[in-house]
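J.: Below you'll find the structure I mean.
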Amino acid sequence: MHFSDTYLPRRDGVITSIRTLTSALAEQGHPGMTIVPRHPDQTVEDGLLTLRALPCGVANLRLSPWLLRETGASGVLDEIAAFAPDIVHVHTPGPVGLLGVVAARKLGLPVVHTYHTDLHAYADAYRIPVSALNALTRLYARRLGVPVPWSHTVAVTGPRAVRYARRAAARTRIVAGRAASGAASVAGRAASVARRAAGRRPAPIGSFSSLGALAPEQVISNRHAAVDGYNRLLLGDADAVIVPTRAALNRITLPVPDERIFLVPTGVAARPTTAAAVAEFRAEHGIADSDRVLLFVGRVNREKGVDLLIESFSTIVARCPKARLVLVGATFDRRWLTGLLEAIGPEAAARVTVVGEQPSHVVAAAYGAAEVFVFPSLSDTQALVLQEAALAHVPAVMCDEVLHAQGPLGGAARLASPDPAGFADAVLALLADPAEARRIGAAAAGQAARHTPAAYAETMCEVYSFAGAAAGRLNDRGRTRR
């Protein structure tokens, strides 16, 4: 049984991962149910249970109010129990994800989490106040019936303060290195799944005190400390935690023993399209046949590095006037985006096409129109769009060194320095050398093809088996977990 705070008609990598996994599991004889927030534009699906939800005003998310009123989930818990699941898989850390943890405890079921999102980076990008994070954690602790892992205001000292200061300096990219990850076999599988090595379970944060006005760096450090406490509360007794790439482990410390952490990349299916669909996409958005399309797919927001991308594009279009930047994805802060476009001047801004969030077939046509895929994010834990672009044979330019080397593409992309000049140079180099671009695109396609939905589902079944065995050592089936 899967729990997620994001689902269609919203579009993001978590939704793609969930739908890919549930479909592949069903094909292999493992049907499931997915619990998600209700949306007025949702279509009816088999195996989908929706909860009453309200828009929260951030990133078009809808949140279930059961967190504020516990009795609001009693009927849902009865439906979950009637379904008689064997395992709970939590994909997001919001109220629906918390409901999954509660359900697992009440039914004595093993629980698996996938850490899809770098919460530290997103808390910074959306400037979530520390007080709000603390209040949310207190509410989560109340629903779980456990003590709050720290008090309400934050002042971190000692070694943890050094780590948080490093996070603050990089904002969305953790610069502190990690020891190399090893590999460990999952029961019954010849291939191995990598587990984190060397990182240790963090010590309790301790007591915090109010310091009045804080420097921006300290605010960010305090925010990260609050996220760490939130993670400990939600993930602390997980039977297994999935991370999609090693890049996630280089940015965060998970409050889970090493032997319960598994690296499992999401399998992605190709998005088929046709020449007619590509031509229609170009015509609809005013993209000339002679335009050299640079494509970005994802949320058009701060945490995705869009500011770096647009600033670099002013250099790209000055040196390659036929370049056109196409942005496909939801935009939640139009004023911010307008400011970025105004900053690069009207001539460069006129070469930027903002398409907005689109259904799957339109995104497939966008990949078909693209010459280079541009991905400046330093906060993604996997970036499924990189695999989608690769399966369309579109070469990518990216900034994240760890995701480049150790992500699903295995280095089959052009790595750029994370600054506008360096990113522009990397893109222009591919535009100037079509043969090299085709070589990178073909190599990327080969790497992405290794991560199929079927293989993803098979590996997840083995992780589920591991989690079931781990849970069996902690409690008997049917007993409430403590």
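Residue numbering restarts at 1 for every chain of the structure tokens, chains are lettered A, B, ... in their displayed order, and ligands are numbered from 1 as they appear.
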Within 8 Å of Gln387 of chain A, counting only C-alpha atoms, which residues show up once you throw out same-chain ones fewer than 6 positions away? Write them as number ranges by chain, please.

T.: A: 268, 408-409, 444-445, 448

J.: Applying 7 Å and only C-alpha atoms, which residues near Thr92 of chain A remain after dropping the ones on its own chain fewer than 3 positions away? List them as a list in words.

T.: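 In the requested format, the answer is Ser4, Asp5 and Gly97 of chain A.
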
J.: For Arg299 of chain A, list every protein, DNA or RNA residue within 10 Å, evaluated using only C-alpha atoms, and leave out those in the same chain fewer than 5 positions away; present the list as a list in words.

T.: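 The residues that qualify are Arg11, Asp12, Ala59, Lys304, Gly305, Val306, Leu327, Val328, Gly329, Ala330, Thr331, Phe332, Gly356 and Glu357 of chain A.
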
J.: Skip segment 415-430 of chain A itself and residues of its chain fewer than 6 positions away, then list as a list in words all residues within 6 Å of it, counting only C-alpha atoms.

T.: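 Residues meeting the cut-off are Leu308, Glu311, Ser312, Ile316, Val397, Met398, Cys399 and Ala437 of chain A.
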
J.: Calculate how many Å separate atom CA of Lys106 of chain A from atom CA of Leu139 of chain A, rounding to one decimal.

T.: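 Here the two named atoms are 18.1 Å from each other.
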
J.: Quick one: residues within 7 Å of Arg232 of chain A, only C-alpha atoms, excluding same-chain residues fewer than 4 positions away - as a list of chain:residue names?

T.: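 Selected residues are A:Asp228, A:Gly236, A:Pro255.
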
J.: Let me see the file: selected residues, N, CA, C and O atoms, as a PDB file, in the first residue's frame.

T.:
ATOM      1  N   ASP A 228      16.088  18.088  10.124  1.00  0.00           N
ATOM      2  CA  ASP A 228      16.697  16.856  10.644  1.00  0.00           C
ATOM      3  C   ASP A 228      15.835  16.230  11.740  1.00  0.00           C
ATOM      4  O   ASP A 228      15.644  15.018  11.789  1.00  0.00           O
ATOM      5  N   GLY A 236      12.634   7.430  11.722  1.00  0.00           N
ATOM      6  CA  GLY A 236      13.472   6.795  12.731  1.00  0.00           C
ATOM      7  C   GLY A 236      13.292   5.300  12.892  1.00  0.00           C
ATOM      8  O   GLY A 236      14.269   4.585  13.155  1.00  0.00           O
ATOM      9  N   PRO A 255      18.360   9.381   9.567  1.00  0.00           N
ATOM     10  CA  PRO A 255      18.361   8.824  10.928  1.00  0.00           C
ATOM     11  C   PRO A 255      18.007   7.342  10.950  1.00  0.00           C
ATOM     12  O   PRO A 255      17.124   6.906  11.684  1.00  0.00           O
TER      13      PRO A 255
END

J.: Please identify all polymer residues within 12 Å of Pro9 of chain A, counting only C-alpha atoms, omitting same-chain residues fewer than 6 positions from it, and present them as a PDB file with N, CA and C atoms, in the first residue's frame.

T.:
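Generated file (around_19.pdb):
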ATOM      1  N   ILE A  15       5.353  11.478  -8.548  1.00  0.00           N
ATOM      2  CA  ILE A  15       4.171  10.866  -9.167  1.00  0.00           C
ATOM      3  C   ILE A  15       4.594   9.884 -10.253  1.00  0.00           C
ATOM      4  N   THR A  16       5.553  10.268 -11.070  1.00  0.00           N
ATOM      5  CA  THR A  16       6.047   9.362 -12.113  1.00  0.00           C
ATOM      6  C   THR A  16       6.587   8.086 -11.497  1.00  0.00           C
ATOM      7  N   VAL A  36      -3.878   9.040  -1.681  1.00  0.00           N
ATOM      8  CA  VAL A  36      -3.426  10.354  -2.131  1.00  0.00           C
ATOM      9  C   VAL A  36      -4.448  11.417  -1.734  1.00  0.00           C
ATOM     10  N   PRO A  37      -4.056  12.697  -1.761  1.00  0.00           N
ATOM     11  CA  PRO A  37      -5.031  13.770  -1.524  1.00  0.00           C
ATOM     12  C   PRO A  37      -6.033  13.860  -2.678  1.00  0.00           C
ATOM     13  N   ARG A  38      -7.244  14.188  -2.357  1.00  0.00           N
ATOM     14  CA  ARG A  38      -8.290  14.329  -3.369  1.00  0.00           C
ATOM     15  C   ARG A  38      -8.132  15.659  -4.105  1.00  0.00           C
ATOM     16  N   HIS A  39      -8.405  15.627  -5.410  1.00  0.00           N
ATOM     17  CA  HIS A  39      -8.349  16.844  -6.234  1.00  0.00           C
ATOM     18  C   HIS A  39      -9.584  16.859  -7.126  1.00  0.00           C
ATOM     19  N   PRO A  40     -10.223  18.021  -7.302  1.00  0.00           N
ATOM     20  CA  PRO A  40     -11.461  18.046  -8.099  1.00  0.00           C
ATOM     21  C   PRO A  40     -11.270  17.631  -9.551  1.00  0.00           C
ATOM     22  N   ASP A  41     -10.037  17.720 -10.061  1.00  0.00           N
ATOM     23  CA  ASP A  41      -9.786  17.364 -11.458  1.00  0.00           C
ATOM     24  C   ASP A  41      -9.222  15.960 -11.629  1.00  0.00           C
ATOM     25  N   GLN A  42      -9.179  15.173 -10.561  1.00  0.00           N
ATOM     26  CA  GLN A  42      -8.669  13.808 -10.673  1.00  0.00           C
ATOM     27  C   GLN A  42      -9.628  12.926 -11.469  1.00  0.00           C
ATOM     28  N   THR A  43      -9.045  12.018 -12.211  1.00  0.00           N
ATOM     29  CA  THR A  43      -9.853  11.008 -12.889  1.00  0.00           C
ATOM     30  C   THR A  43      -9.939   9.764 -12.011  1.00  0.00           C
ATOM     31  N   VAL A  44     -10.967   8.989 -12.207  1.00  0.00           N
ATOM     32  CA  VAL A  44     -11.166   7.782 -11.404  1.00  0.00           C
ATOM     33  C   VAL A  44     -10.169   6.717 -11.857  1.00  0.00           C
ATOM     34  N   ASN A  60       1.237  24.309  -5.552  1.00  0.00           N
ATOM     35  CA  ASN A  60       0.019  23.638  -6.015  1.00  0.00           C
ATOM     36  C   ASN A  60      -0.241  22.319  -5.289  1.00  0.00           C
ATOM     37  N   LEU A  61       0.281  22.202  -4.092  1.00  0.00           N
ATOM     38  CA  LEU A  61       0.038  21.007  -3.291  1.00  0.00           C
ATOM     39  C   LEU A  61      -1.303  21.113  -2.577  1.00  0.00           C
ATOM     40  N   ARG A  62      -1.905  19.951  -2.312  1.00  0.00           N
ATOM     41  CA  ARG A  62      -3.125  19.872  -1.527  1.00  0.00           C
ATOM     42  C   ARG A  62      -2.833  18.978  -0.329  1.00  0.00           C
ATOM     43  N   ALA A 330       5.479  23.545 -14.236  1.00  0.00           N
ATOM     44  CA  ALA A 330       4.670  24.505 -13.487  1.00  0.00           C
ATOM     45  C   ALA A 330       5.520  25.653 -12.977  1.00  0.00           C
ATOM     46  N   GLU A 357       2.987  23.599 -17.327  1.00  0.00           N
ATOM     47  CA  GLU A 357       2.832  22.171 -17.048  1.00  0.00           C
ATOM     48  C   GLU A 357       2.021  21.513 -18.158  1.00  0.00           C
ATOM     49  N   GLN A 358       2.476  20.341 -18.626  1.00  0.00           N
ATOM     50  CA  GLN A 358       1.862  19.705 -19.780  1.00  0.00           C
ATOM     51  C   GLN A 358       1.640  18.216 -19.538  1.00  0.00           C
ATOM     52  N   PRO A 359       0.657  17.626 -20.223  1.00  0.00           N
ATOM     53  CA  PRO A 359       0.459  16.177 -20.123  1.00  0.00           C
ATOM     54  C   PRO A 359       1.608  15.421 -20.773  1.00  0.00           C
ATOM     55  N   SER A 360       1.633  14.118 -20.519  1.00  0.00           N
ATOM     56  CA  SER A 360       2.758  13.290 -20.914  1.00  0.00           C
ATOM     57  C   SER A 360       3.056  13.349 -22.406  1.00  0.00           C
TER      58      SER A 360
END

J.: So, with only C-alpha atoms as the atoms that count, which of A:Leu254, A:Ile310, A:Val297, A:Ala389 lies closest to Gly446 of chain A?

T.: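 Answer, going by the shortest atom-to-atom distance: A:Ala389.
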